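query-v6.cif follows; it contains mmCIF, C-alpha atoms.
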data_coords
#
loop_
_atom_site.label_atom_id
_atom_site.label_comp_id
_atom_site.auth_asym_id
_atom_site.auth_seq_id
_atom_site.Cartn_x
_atom_site.Cartn_y
_atom_site.Cartn_z
CA MET A 1 -25.70 -26.38 -22.26
CA ALA A 2 -24.28 -28.35 -25.16
CA ALA A 3 -21.86 -25.51 -25.88
CA TRP A 4 -20.76 -25.40 -22.26
CA GLY A 5 -20.44 -29.17 -22.16
CA GLU A 6 -18.20 -29.05 -25.21
CA ARG A 7 -16.16 -26.21 -23.79
CA LEU A 8 -15.66 -27.89 -20.43
CA ALA A 9 -14.71 -31.08 -22.19
CA GLY A 10 -11.55 -29.37 -23.40
CA VAL A 11 -10.72 -27.72 -20.10
CA ARG A 12 -7.59 -28.96 -18.39
CA GLY A 13 -6.84 -26.22 -15.90
CA VAL A 14 -8.36 -23.54 -13.71
CA LEU A 15 -6.87 -20.24 -12.52
CA LEU A 16 -8.33 -19.09 -9.23
CA ASP A 17 -8.06 -15.59 -7.83
CA ILE A 18 -7.50 -15.45 -4.08
CA SER A 19 -8.61 -12.15 -2.53
CA GLY A 20 -12.35 -11.65 -3.01
CA VAL A 21 -12.76 -15.19 -4.41
CA LEU A 22 -11.32 -17.50 -1.76
CA TYR A 23 -11.37 -15.07 1.14
CA ASP A 24 -12.09 -11.47 2.13
CA CYS A 25 -9.21 -9.66 3.74
CA GLY A 26 -9.81 -7.79 6.94
CA ALA A 27 -8.96 -7.56 10.60
CA GLY A 28 -7.40 -10.68 12.08
CA GLY A 29 -6.39 -11.94 8.64
CA GLY A 30 -9.79 -12.18 6.98
CA ARG A 31 -12.26 -14.99 6.50
CA ALA A 32 -13.05 -17.65 3.92
CA ILE A 33 -15.88 -16.91 1.50
CA ALA A 34 -18.72 -19.38 2.03
CA GLY A 35 -18.24 -22.58 0.06
CA SER A 36 -14.79 -21.71 -1.25
CA VAL A 37 -12.80 -24.14 0.94
CA GLU A 38 -14.94 -27.03 -0.33
CA ALA A 39 -14.85 -25.78 -3.94
CA VAL A 40 -11.04 -25.76 -3.93
CA ALA A 41 -10.99 -29.26 -2.40
CA ARG A 42 -13.35 -30.59 -5.09
CA LEU A 43 -11.37 -28.97 -7.90
CA LYS A 44 -8.16 -30.50 -6.64
CA GLN A 45 -9.80 -33.96 -6.48
CA SER A 46 -10.93 -33.60 -10.09
CA HIS A 47 -8.81 -34.14 -13.20
CA LEU A 48 -8.31 -30.36 -13.49
CA LYS A 49 -5.05 -28.63 -12.74
CA VAL A 50 -5.42 -25.73 -10.34
CA ARG A 51 -3.29 -22.60 -10.04
CA PHE A 52 -3.85 -19.73 -7.63
CA CYS A 53 -3.23 -16.39 -9.25
CA THR A 54 -3.22 -13.20 -7.20
CA ASN A 55 -2.24 -9.55 -7.48
CA ASP A 56 -1.75 -9.32 -3.71
CA SER A 57 1.53 -7.46 -3.32
CA GLN A 58 1.37 -6.80 0.42
CA LYS A 59 2.23 -10.33 1.53
CA SER A 60 4.88 -12.85 0.64
CA ARG A 61 3.57 -16.12 -0.75
CA GLY A 62 4.57 -17.75 2.55
CA LYS A 63 2.41 -15.39 4.59
CA LEU A 64 -0.50 -15.60 2.17
CA VAL A 65 -0.47 -19.40 2.08
CA GLY A 66 -0.12 -19.59 5.87
CA LEU A 67 -3.20 -17.42 6.21
CA LEU A 68 -5.19 -19.47 3.70
CA ARG A 69 -4.21 -22.77 5.32
CA ARG A 70 -5.42 -21.44 8.67
CA LEU A 71 -8.73 -20.67 6.96
CA GLY A 72 -8.93 -24.31 5.87
CA PHE A 73 -7.66 -24.20 2.28
CA ASP A 74 -5.55 -26.97 0.79
CA ILE A 75 -2.88 -24.78 -0.81
CA SER A 76 0.91 -24.61 -0.91
CA GLU A 77 3.38 -21.89 -1.88
CA ASP A 78 4.38 -23.52 -5.15
CA GLU A 79 0.78 -23.41 -6.37
CA VAL A 80 0.65 -19.60 -6.22
CA THR A 81 1.48 -17.13 -9.00
CA SER A 82 1.94 -13.65 -7.55
CA PRO A 83 3.60 -10.48 -8.84
CA ALA A 84 6.58 -10.34 -6.47
CA PRO A 85 8.32 -13.54 -7.66
CA ALA A 86 7.45 -12.64 -11.27
CA THR A 87 9.09 -9.24 -10.70
CA CYS A 88 12.20 -10.81 -9.19
CA GLN A 89 12.61 -12.92 -12.33
CA ILE A 90 12.38 -9.81 -14.52
CA LEU A 91 14.87 -7.94 -12.32
CA LYS A 92 17.38 -10.80 -12.59
CA GLU A 93 16.92 -11.25 -16.33
CA ARG A 94 17.48 -7.54 -17.02
CA GLY A 95 20.17 -6.84 -14.43
CA LEU A 96 17.92 -4.36 -12.61
CA ARG A 97 18.65 -3.29 -9.04
CA PRO A 98 15.46 -1.88 -7.55
CA HIS A 99 14.69 0.81 -5.08
CA LEU A 100 11.75 -0.88 -3.34
CA LEU A 101 8.60 1.03 -2.40
CA ILE A 102 6.81 -1.99 -0.94
CA HIS A 103 5.03 -3.31 2.14
CA GLU A 104 7.19 -4.89 4.83
CA GLY A 105 5.04 -8.02 4.50
CA VAL A 106 6.37 -8.76 1.01
CA ARG A 107 10.00 -7.72 1.52
CA SER A 108 11.20 -11.30 2.07
CA GLU A 109 10.31 -12.10 -1.57
CA PHE A 110 13.10 -9.71 -2.57
CA ASP A 111 15.72 -11.14 -0.19
CA GLU A 112 17.95 -12.38 -3.00
CA ILE A 113 17.72 -9.18 -5.04
CA ASP A 114 20.61 -6.71 -5.19
CA THR A 115 19.21 -3.33 -4.17
CA SER A 116 22.51 -1.43 -4.07
CA ASN A 117 22.94 1.59 -6.36
CA PRO A 118 19.39 1.29 -7.76
CA ASN A 119 18.71 1.57 -11.49
CA CYS A 120 14.94 1.17 -11.28
CA VAL A 121 12.01 1.54 -8.90
CA VAL A 122 9.64 -1.26 -7.93
CA ILE A 123 6.32 -0.15 -6.47
CA ALA A 124 3.79 -2.45 -4.82
CA ASP A 125 0.84 -1.93 -2.50
CA ALA A 126 2.87 -0.32 0.29
CA ALA A 127 -0.24 0.90 2.20
CA GLU A 128 1.06 2.97 5.14
CA GLY A 129 4.39 2.96 3.34
CA PHE A 130 2.95 5.39 0.78
CA SER A 131 4.15 8.36 2.82
CA TYR A 132 5.14 11.71 1.33
CA GLN A 133 8.76 10.93 2.21
CA ASN A 134 8.75 7.48 0.60
CA MET A 135 7.01 8.73 -2.53
CA ASN A 136 9.54 11.55 -2.87
CA LYS A 137 12.41 9.12 -2.41
CA ALA A 138 11.09 6.81 -5.18
CA PHE A 139 10.53 9.87 -7.38
CA GLN A 140 14.05 11.15 -6.78
CA VAL A 141 15.58 7.77 -7.66
CA LEU A 142 13.65 7.76 -10.95
CA MET A 143 14.62 11.35 -11.78
CA GLU A 144 18.29 10.57 -11.33
CA LEU A 145 18.19 7.75 -13.88
CA GLU A 146 18.95 8.38 -17.52
CA ASN A 147 16.30 5.83 -18.52
CA PRO A 148 13.86 5.68 -15.61
CA VAL A 149 12.30 2.23 -15.21
CA LEU A 150 9.25 1.92 -12.97
CA ILE A 151 7.85 -1.55 -12.35
CA SER A 152 4.44 -1.74 -10.69
CA LEU A 153 3.06 -4.89 -9.06
CA GLY A 154 -0.45 -4.63 -10.43
CA LYS A 155 -2.25 -1.42 -11.24
CA GLY A 156 -5.37 -1.70 -9.10
CA ARG A 157 -7.27 1.51 -8.46
CA TYR A 158 -8.57 0.67 -4.98
CA TYR A 159 -9.80 -2.16 -2.83
CA LYS A 160 -11.96 -2.69 0.18
CA GLU A 161 -10.61 -2.89 3.69
CA THR A 162 -12.69 -3.37 6.81
CA SER A 163 -12.12 0.37 7.37
CA GLY A 164 -13.52 1.25 3.92
CA LEU A 165 -12.13 1.76 0.44
CA VAL A 166 -8.40 2.42 0.20
CA LEU A 167 -6.15 3.43 -2.67
CA ASP A 168 -4.31 0.61 -4.40
CA VAL A 169 -0.87 0.66 -5.99
CA GLY A 170 -2.20 1.87 -9.36
CA ALA A 171 -3.01 5.31 -7.95
CA TYR A 172 0.55 5.81 -6.70
CA MET A 173 1.94 4.35 -9.90
CA LYS A 174 0.02 7.05 -11.80
CA ALA A 175 1.43 9.76 -9.51
CA LEU A 176 5.01 8.69 -10.30
CA GLU A 177 4.25 8.24 -14.00
CA TYR A 178 2.90 11.78 -14.23
CA ALA A 179 5.66 13.39 -12.18
CA CYS A 180 8.42 11.67 -14.17
CA GLY A 181 6.70 11.69 -17.57
CA ILE A 182 7.12 7.93 -17.95
CA GLU A 183 4.98 4.81 -18.25
CA ALA A 184 5.26 2.02 -15.73
CA GLU A 185 5.67 -1.65 -16.61
CA VAL A 186 2.91 -3.59 -14.87
CA VAL A 187 3.62 -7.06 -13.51
CA GLY A 188 0.47 -8.93 -12.51
CA LYS A 189 -3.08 -9.06 -13.76
CA PRO A 190 -4.24 -7.98 -16.30
CA SER A 191 -0.88 -8.43 -18.03
CA PRO A 192 -1.06 -11.36 -20.51
CA GLU A 193 2.49 -12.42 -19.55
CA PHE A 194 1.34 -12.90 -15.99
CA PHE A 195 -1.54 -15.22 -16.92
CA LYS A 196 0.77 -17.06 -19.32
CA ALA A 197 3.28 -17.68 -16.54
CA ALA A 198 0.50 -19.04 -14.31
CA LEU A 199 -0.65 -21.42 -17.04
CA GLN A 200 2.90 -22.50 -17.86
CA ALA A 201 3.35 -23.47 -14.23
CA ILE A 202 0.60 -26.08 -14.64
CA GLY A 203 1.43 -27.01 -18.23
CA VAL A 204 -1.90 -25.81 -19.59
CA GLU A 205 -2.54 -23.82 -22.77
CA ALA A 206 -4.72 -20.69 -22.66
CA HIS A 207 -7.52 -22.34 -24.66
CA GLN A 208 -7.59 -25.20 -22.15
CA ALA A 209 -8.05 -22.94 -19.13
CA LEU A 210 -10.88 -21.39 -17.16
CA GLY A 211 -10.32 -18.36 -15.01
CA MET B 1 14.38 45.04 -32.54
CA ALA B 2 11.75 47.00 -34.41
CA ALA B 3 9.25 44.22 -33.84
CA TRP B 4 10.01 44.19 -30.13
CA GLY B 5 9.81 47.92 -29.95
CA GLU B 6 6.40 47.84 -31.57
CA ARG B 7 5.24 45.06 -29.31
CA LEU B 8 6.45 46.74 -26.15
CA ALA B 9 4.81 49.96 -27.27
CA GLY B 10 1.44 48.30 -26.79
CA VAL B 11 2.26 46.69 -23.47
CA ARG B 12 0.31 47.98 -20.50
CA GLY B 13 0.78 45.26 -17.92
CA VAL B 14 3.15 42.59 -16.69
CA LEU B 15 2.36 39.30 -14.92
CA LEU B 16 5.20 38.16 -12.69
CA ASP B 17 5.60 34.66 -11.32
CA ILE B 18 6.88 34.53 -7.75
CA SER B 19 8.57 31.25 -6.88
CA GLY B 20 11.63 30.70 -9.07
CA VAL B 21 11.36 34.23 -10.50
CA LEU B 22 11.37 36.57 -7.51
CA TYR B 23 12.75 34.13 -4.98
CA ASP B 24 13.83 30.54 -4.43
CA CYS B 25 12.04 28.76 -1.63
CA GLY B 26 14.08 26.89 0.91
CA ALA B 27 15.05 26.65 4.53
CA GLY B 28 14.40 29.80 6.56
CA GLY B 29 11.88 31.05 3.99
CA GLY B 30 14.09 31.28 0.93
CA ARG B 31 16.08 34.07 -0.68
CA ALA B 32 15.56 36.70 -3.33
CA ILE B 33 16.90 35.95 -6.79
CA ALA B 34 19.67 38.40 -7.69
CA GLY B 35 18.34 41.61 -9.22
CA SER B 36 14.67 40.74 -8.71
CA VAL B 37 13.96 43.20 -5.87
CA GLU B 38 15.29 46.06 -8.02
CA ALA B 39 13.48 44.81 -11.13
CA VAL B 40 10.13 44.83 -9.33
CA ALA B 41 10.81 48.32 -7.99
CA ARG B 42 11.66 49.62 -11.49
CA LEU B 43 8.57 48.01 -13.01
CA LYS B 44 6.34 49.58 -10.40
CA GLN B 45 7.89 53.00 -11.06
CA SER B 46 7.18 52.62 -14.79
CA HIS B 47 3.87 53.15 -16.54
CA LEU B 48 3.26 49.38 -16.52
CA LYS B 49 0.73 47.70 -14.30
CA VAL B 50 2.16 44.80 -12.35
CA ARG B 51 0.40 41.71 -11.05
CA PHE B 52 2.03 38.85 -9.17
CA CYS B 53 0.69 35.50 -10.29
CA THR B 54 1.64 32.34 -8.45
CA ASN B 55 0.63 28.69 -8.23
CA ASP B 56 1.98 28.47 -4.69
CA SER B 57 -0.74 26.64 -2.79
CA GLN B 58 1.17 25.98 0.44
CA LYS B 59 0.95 29.51 1.81
CA SER B 60 -1.82 32.05 2.28
CA ARG B 61 -1.30 35.33 0.43
CA GLY B 62 -0.62 36.93 3.81
CA LYS B 63 2.24 34.56 4.58
CA LEU B 64 3.66 34.78 1.07
CA VAL B 65 3.61 38.56 0.99
CA GLY B 66 5.09 38.76 4.50
CA LEU B 67 7.97 36.58 3.35
CA LEU B 68 8.53 38.62 0.19
CA ARG B 69 8.46 41.91 2.06
CA ARG B 70 11.10 40.58 4.46
CA LEU B 71 13.21 39.80 1.38
CA GLY B 72 12.88 43.42 0.30
CA PHE B 73 10.07 43.30 -2.26
CA ASP B 74 7.50 46.08 -2.61
CA ILE B 75 4.40 43.91 -2.73
CA SER B 76 1.01 43.78 -1.03
CA GLU B 77 -1.63 41.05 -0.69
CA ASP B 78 -4.05 42.66 -3.10
CA GLU B 79 -1.45 42.56 -5.88
CA VAL B 80 -1.30 38.74 -5.80
CA THR B 81 -3.36 36.29 -7.84
CA SER B 82 -3.09 32.82 -6.32
CA PRO B 83 -5.16 29.66 -6.67
CA ALA B 84 -6.68 29.53 -3.17
CA PRO B 85 -8.77 32.74 -3.41
CA ALA B 86 -9.72 31.83 -6.99
CA THR B 87 -10.89 28.45 -5.71
CA CYS B 88 -12.93 30.03 -2.91
CA GLN B 89 -14.75 32.11 -5.49
CA ILE B 90 -15.60 29.00 -7.52
CA LEU B 91 -16.76 27.15 -4.39
CA LYS B 92 -19.09 30.00 -3.45
CA GLU B 93 -20.45 30.43 -6.97
CA ARG B 94 -21.28 26.73 -7.29
CA GLY B 95 -22.43 26.03 -3.73
CA LEU B 96 -19.58 23.57 -3.19
CA ARG B 97 -18.54 22.51 0.30
CA PRO B 98 -15.02 21.10 0.10
CA HIS B 99 -13.18 18.41 1.92
CA LEU B 100 -9.77 20.10 2.06
CA LEU B 101 -6.55 18.20 1.39
CA ILE B 102 -4.27 21.20 1.82
CA HIS B 103 -1.25 22.54 3.69
CA GLU B 104 -1.86 24.12 7.08
CA GLY B 105 -0.15 27.25 5.76
CA VAL B 106 -2.96 27.97 3.32
CA ARG B 107 -5.92 26.95 5.48
CA SER B 108 -6.71 30.53 6.53
CA GLU B 109 -7.66 31.33 2.91
CA PHE B 110 -10.60 28.94 3.36
CA ASP B 111 -11.77 30.39 6.69
CA GLU B 112 -15.05 31.60 5.26
CA ILE B 113 -15.83 28.41 3.36
CA ASP B 114 -18.43 25.94 4.63
CA THR B 115 -16.73 22.56 4.86
CA SER B 116 -19.58 20.66 6.51
CA ASN B 117 -21.05 17.65 4.71
CA PRO B 118 -18.59 17.94 1.79
CA ASN B 119 -19.76 17.65 -1.81
CA CYS B 120 -16.34 18.04 -3.42
CA VAL B 121 -12.62 17.67 -2.70
CA VAL B 122 -10.07 20.47 -2.99
CA ILE B 123 -6.46 19.36 -3.27
CA ALA B 124 -3.45 21.66 -3.02
CA ASP B 125 0.25 21.15 -2.36
CA ALA B 126 -0.22 19.53 1.05
CA ALA B 127 3.42 18.32 1.25
CA GLU B 128 3.68 16.25 4.47
CA GLY B 129 -0.12 16.27 4.46
CA PHE B 130 -0.05 13.82 1.53
CA SER B 131 -0.14 10.87 3.90
CA TYR B 132 -1.71 7.51 3.06
CA GLN B 133 -4.51 8.30 5.54
CA ASN B 134 -5.24 11.75 4.13
CA MET B 135 -5.19 10.48 0.55
CA ASN B 136 -7.60 7.67 1.45
CA LYS B 137 -9.90 10.10 3.20
CA ALA B 138 -10.05 12.40 0.15
CA PHE B 139 -10.57 9.35 -2.06
CA GLN B 140 -13.42 8.07 0.13
CA VAL B 141 -15.17 11.45 0.08
CA LEU B 142 -15.02 11.45 -3.73
CA MET B 143 -16.27 7.86 -4.00
CA GLU B 144 -19.29 8.64 -1.86
CA LEU B 145 -20.41 11.46 -4.17
CA GLU B 146 -22.80 10.82 -7.01
CA ASN B 147 -20.97 13.38 -9.14
CA PRO B 148 -17.44 13.52 -7.75
CA VAL B 149 -15.87 16.97 -8.13
CA LEU B 150 -12.12 17.28 -7.60
CA ILE B 151 -10.59 20.76 -7.73
CA SER B 152 -6.81 20.94 -7.87
CA LEU B 153 -4.82 24.08 -7.09
CA GLY B 154 -2.38 23.82 -9.97
CA LYS B 155 -1.18 20.59 -11.53
CA GLY B 156 2.58 20.88 -11.14
CA ARG B 157 4.58 17.68 -11.47
CA TYR B 158 7.35 18.54 -9.02
CA TYR B 159 9.47 21.35 -7.69
CA LYS B 160 12.81 21.90 -6.06
CA GLU B 161 13.28 22.10 -2.34
CA THR B 162 16.57 22.55 -0.56
CA SER B 163 16.33 18.81 0.20
CA GLY B 164 15.94 17.96 -3.50
CA LEU B 165 13.06 17.45 -5.92
CA VAL B 166 9.66 16.80 -4.36
CA LEU B 167 6.33 15.79 -5.82
CA ASP B 168 3.87 18.60 -6.47
CA VAL B 169 0.09 18.55 -6.24
CA GLY B 170 -0.32 17.32 -9.84
CA ALA B 171 1.05 13.89 -8.98
CA TYR B 172 -1.47 13.40 -6.18
CA MET B 173 -4.23 14.86 -8.35
CA LYS B 174 -3.43 12.15 -10.93
CA ALA B 175 -3.60 9.45 -8.25
CA LEU B 176 -7.12 10.51 -7.25
CA GLU B 177 -8.19 10.95 -10.88
CA TYR B 178 -7.11 7.42 -11.71
CA ALA B 179 -8.58 5.81 -8.60
CA CYS B 180 -11.96 7.53 -9.05
CA GLY B 181 -12.05 7.50 -12.85
CA ILE B 182 -12.60 11.25 -12.98
CA GLU B 183 -10.86 14.37 -14.27
CA ALA B 184 -9.92 17.19 -11.92
CA GLU B 185 -10.70 20.85 -12.52
CA VAL B 186 -7.44 22.77 -12.29
CA VAL B 187 -7.40 26.25 -10.76
CA GLY B 188 -4.15 28.09 -11.37
CA LYS B 189 -1.62 28.20 -14.15
CA PRO B 190 -1.80 27.09 -16.94
CA SER B 191 -5.58 27.56 -16.87
CA PRO B 192 -6.58 30.48 -19.16
CA GLU B 193 -9.25 31.55 -16.64
CA PHE B 194 -6.55 32.05 -14.05
CA PHE B 195 -4.44 34.33 -16.26
CA LYS B 196 -7.59 36.17 -17.27
CA ALA B 197 -8.51 36.82 -13.64
CA ALA B 198 -4.99 38.16 -12.99
CA LEU B 199 -5.25 40.53 -15.98
CA GLN B 200 -8.75 41.64 -15.03
CA ALA B 201 -7.43 42.64 -11.63
CA ILE B 202 -5.17 45.21 -13.31
CA GLY B 203 -7.60 46.10 -16.09
CA VAL B 204 -5.31 44.88 -18.86
CA GLU B 205 -6.26 42.89 -21.95
CA ALA B 206 -4.31 39.74 -22.86
CA HIS B 207 -2.76 41.36 -25.97
CA GLN B 208 -1.49 44.23 -23.78
CA ALA B 209 0.31 41.96 -21.32
CA LEU B 210 3.72 40.43 -20.89
CA GLY B 211 4.22 37.40 -18.68
#
Represent the supplied structure as structure tokens.
Amino acid sequence: MAAWGERLAGVRGVLLDISGVLYDCGAGGGRAIAGSVEAVARLKQSHLKVRFCTNDSQKSRGKLVGLLRRLGFDISEDEVTSPAPATCQILKERGLRPHLLIHEGVRSEFDEIDTSNPNCVVIADAAEGFSYQNMNKAFQVLMELENPVLISLGKGRYYKETSGLVLDVGAYMKALEYACGIEAEVVGKPSPEFFKAALQAIGVEAHQALG
Amino acid sequence: MAAWGERLAGVRGVLLDISGVLYDCGAGGGRAIAGSVEAVARLKQSHLKVRFCTNDSQKSRGKLVGLLRRLGFDISEDEVTSPAPATCQILKERGLRPHLLIHEGVRSEFDEIDTSNPNCVVIADAAEGFSYQNMNKAFQVLMELENPVLISLGKGRYYKETSGLVLDVGAYMKALEYACGIEAEVVGKPSPEFFKAALQAIGVEAHQALG
């Protein structure tokens, strides 16, 4: 207890996952996990800085936050670190124009991105969008590039839907990696850069954070 | 030349690939590659034993041979080694009942296989059949097994269609491998067992064969 007390004494910030921690996704938007609405409220009343950190790549931050607010959470868009905005920053910094293999729900995050004459592929959890046609199109774009760049929003293996387990973006990322003989760049957890960006947003150092 | 002469002197059999060697697939069934019809005829008139060895997992041997005969080739079903019959033999030997993620064109090869209450997954080049739903279904079957067995008919990365490059079964095999944390068993080239079975069919030893 003493050790924990000492450790907590130095803690200035908390990173909270969203899906599976705050709420379970499912039909009708999902539902809050018992006690989580109150826990977030208490954390935000404390001296701790709070940042929400998710690998959800199916929804824009706006949609995700709207859903969470309806479930009772005190949360706003600028408190969320998610892979789509982090990817947009990378695309801009490196002059990359993506072919997007993504879910319609997250497309608005890429509104300001130039997608003409693509020189890379961005893959996210496209769900139904992972059709044979769409996978072939992404593959063909990569094969036509001299230096194929594949950026993957997370690399999850699978997750649970109300209908059962479903493949996550990581599985389709692996398919493209194998077919093209390349390695994807992963944006999102567990990438250290992603956690670092989340902590920077609340001005907290890694050793001062709980996740 | 002497070395070649000596080597050829010992040759008793030839393994011939089909797609890309005898014919190019494409709209309307494809077309024979220049000189290949005559080359097969000459080989079969020689003292050499000939076996056709393909990784094509979209078509039954019946369909494939029908197509090749229409293109002018002297070929019959029992001269073809292909992954589907080899897989059926493995399934029978090991008491495996597959969930089939395959192309409709090859389904007849599995007519005699018990597919009730599956205890493994067989994946082949399903083309349009590689939908999000079908991939999830195969994934779910694997995840429900205590010892997930995934058998893949070949592990090709991609191949050329008239419409351009398309993903081959290997890419989707990798997706399932990654999601389930397993390794597939590959039936077909480049598996040594597959070549061995093709040579056995013509009673030729590996050192007596050209491929």
Report the residues retrieved by the PyMOL selection byres ((chain B and resi 106-112) around 8) from the displayed file, expressed as a PDB file with C-alpha atoms, keeping the file's coordinate frame.
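Full text of selection12.pdb as output:
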ATOM      1  CA  SER B  57      -0.740  26.640  -2.790  1.00  0.00           C
ATOM      2  CA  GLN B  58       1.170  25.980   0.440  1.00  0.00           C
ATOM      3  CA  LYS B  59       0.950  29.510   1.810  1.00  0.00           C
ATOM      4  CA  SER B  60      -1.820  32.050   2.280  1.00  0.00           C
ATOM      5  CA  ARG B  61      -1.300  35.330   0.430  1.00  0.00           C
ATOM      6  CA  ALA B  84      -6.680  29.530  -3.170  1.00  0.00           C
ATOM      7  CA  PRO B  85      -8.770  32.740  -3.410  1.00  0.00           C
ATOM      8  CA  CYS B  88     -12.930  30.030  -2.910  1.00  0.00           C
ATOM      9  CA  ILE B 102      -4.270  21.200   1.820  1.00  0.00           C
ATOM     10  CA  HIS B 103      -1.250  22.540   3.690  1.00  0.00           C
ATOM     11  CA  GLU B 104      -1.860  24.120   7.080  1.00  0.00           C
ATOM     12  CA  GLY B 105      -0.150  27.250   5.760  1.00  0.00           C
ATOM     13  CA  ILE B 113     -15.830  28.410   3.360  1.00  0.00           C
ATOM     14  CA  ASP B 114     -18.430  25.940   4.630  1.00  0.00           C
TER      15      ASP B 114
END
Quiz item: What is the CA of Ala175 (chain B)-CA of Asn136 (chain B) distance in Å, reported with one decimal?
Solution: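 Interatomic distance here is 10.6 Å.
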Practice problem: Please write as a PyMOL selection string the full residue list that the PyMOL selection byres ((chain B) within 9 of (chain A)) yields on this file. | Solution: chain B and resi 127-133+135-137+139-140+143+156-158+164-168+170-181
Practice problem: Kindly give the distance, in Å, that separates CA of Ala86 (chain B) and CA of Asp125 (chain B), rounded to a single decimal. | Solution: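 Separating CA of Ala86 (chain B) from CA of Asp125 (chain B) is a distance of 15.3 Å.
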Could you give me the axis-aligned bounding box of region 186-200 of chain A, with 4 Å of padding per side, as centre plus edge lengths in Å to one decimal, as AutoDock Vina command-line options?
--center_x -0.3 --center_y -13.0 --center_z -16.5 --size_x 15.9 --size_y 26.9 --size_z 16.0
Self-check item: Counting all atoms listed in the file, the option among B:Ser152, B:Asn134, B:Ser19, B:Gln208 closest to Leu68 (chain B)
Solution: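 Of B:Ser152, B:Asn134, B:Ser19, B:Gln208, the one nearest Leu68 (chain B), counting all atoms listed in the file, is B:Ser19.
Taking CA of Val121 (chain B) and CA of Ile90 (chain B) as endpoints, the distance between them is 12.7 Å.
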Quiz item: Which residues, written as an NGL selection string, have at least one atom at most 6 Å from region 35-49 of chain A, with only C-alpha atoms counted and residues fewer than 4 positions away on the same chain left out?
Solution: :A and (12-13 or 22 or 73)
What does the file look like for those residues with C-alpha atoms, as an mmCIF file, in the coordinates of the input?
data_model
loop_
_atom_site.group_PDB
_atom_site.id
_atom_site.type_symbol
_atom_site.label_atom_id
_atom_site.label_comp_id
_atom_site.auth_asym_id
_atom_site.auth_seq_id
_atom_site.Cartn_x
_atom_site.Cartn_y
_atom_site.Cartn_z
ATOM 1 C CA ARG A 12 -7.590 -28.960 -18.390
ATOM 2 C CA GLY A 13 -6.840 -26.220 -15.900
ATOM 3 C CA LEU A 22 -11.320 -17.500 -1.760
ATOM 4 C CA PHE A 73 -7.660 -24.200 2.280
#
Distance query Gly26 (chain B) at most 8 Å, all atoms listed in the file, self and fewer than 5 positions along chain excluded, as a short mmCIF file (atom, residue, chain, number, x, y, z; two decimals) with C-alpha atoms, in the frame of the given file:
data_model
loop_
_atom_site.label_atom_id
_atom_site.label_comp_id
_atom_site.auth_asym_id
_atom_site.auth_seq_id
_atom_site.Cartn_x
_atom_site.Cartn_y
_atom_site.Cartn_z
CA ARG B 31 16.08 34.07 -0.68
CA GLU B 161 13.28 22.10 -2.34
CA THR B 162 16.57 22.55 -0.56
#
Quiz item: Which polymer residues have any atom within 9 Å of an atom of Asn55 (chain B), counting only C-alpha atoms, with same-chain residues fewer than 5 positions away left out, as a ChimeraX atom specification?
Solution: /B:17-19,81-84,153-156,187-189
Exercise. Identify all residues satisfying the PyMOL selection byres ((chain B and resi 185) around 7) in the given file; provide them as a ChimeraX atom specification.
Key: /B:150-152,183-184,186-187
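When all atoms listed in the file are used to measure the gap to Ala32 (chain A), the shortest distance among A:Ala206, A:Leu67, A:Val11, A:Ile182 belongs to A:Leu67.
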Got a minute to add N, CA, C and O atoms to region 193-199 of chain A and dump it as a short mmCIF file (atom, residue, chain, number, x, y, z; two decimals), keeping the file's coordinate frame?
data_model
loop_
_atom_site.label_atom_id
_atom_site.label_comp_id
_atom_site.auth_asym_id
_atom_site.auth_seq_id
_atom_site.Cartn_x
_atom_site.Cartn_y
_atom_site.Cartn_z
N GLU A 193 1.31 -11.64 -19.95
CA GLU A 193 2.49 -12.42 -19.55
C GLU A 193 2.27 -13.09 -18.21
O GLU A 193 2.76 -14.19 -17.95
N PHE A 194 1.56 -12.40 -17.34
CA PHE A 194 1.34 -12.90 -15.99
C PHE A 194 0.44 -14.15 -16.02
O PHE A 194 0.75 -15.18 -15.41
N PHE A 195 -0.64 -14.06 -16.79
CA PHE A 195 -1.54 -15.22 -16.92
C PHE A 195 -0.79 -16.38 -17.59
O PHE A 195 -0.95 -17.54 -17.22
N LYS A 196 0.02 -16.03 -18.59
CA LYS A 196 0.77 -17.06 -19.32
C LYS A 196 1.71 -17.81 -18.37
O LYS A 196 1.80 -19.04 -18.42
N ALA A 197 2.37 -17.05 -17.49
CA ALA A 197 3.28 -17.68 -16.54
C ALA A 197 2.51 -18.62 -15.61
O ALA A 197 2.99 -19.71 -15.27
N ALA A 198 1.32 -18.20 -15.20
CA ALA A 198 0.50 -19.04 -14.31
C ALA A 198 0.11 -20.33 -15.01
O ALA A 198 0.15 -21.42 -14.42
N LEU A 199 -0.25 -20.23 -16.29
CA LEU A 199 -0.65 -21.42 -17.04
C LEU A 199 0.55 -22.33 -17.32
O LEU A 199 0.45 -23.56 -17.23
#
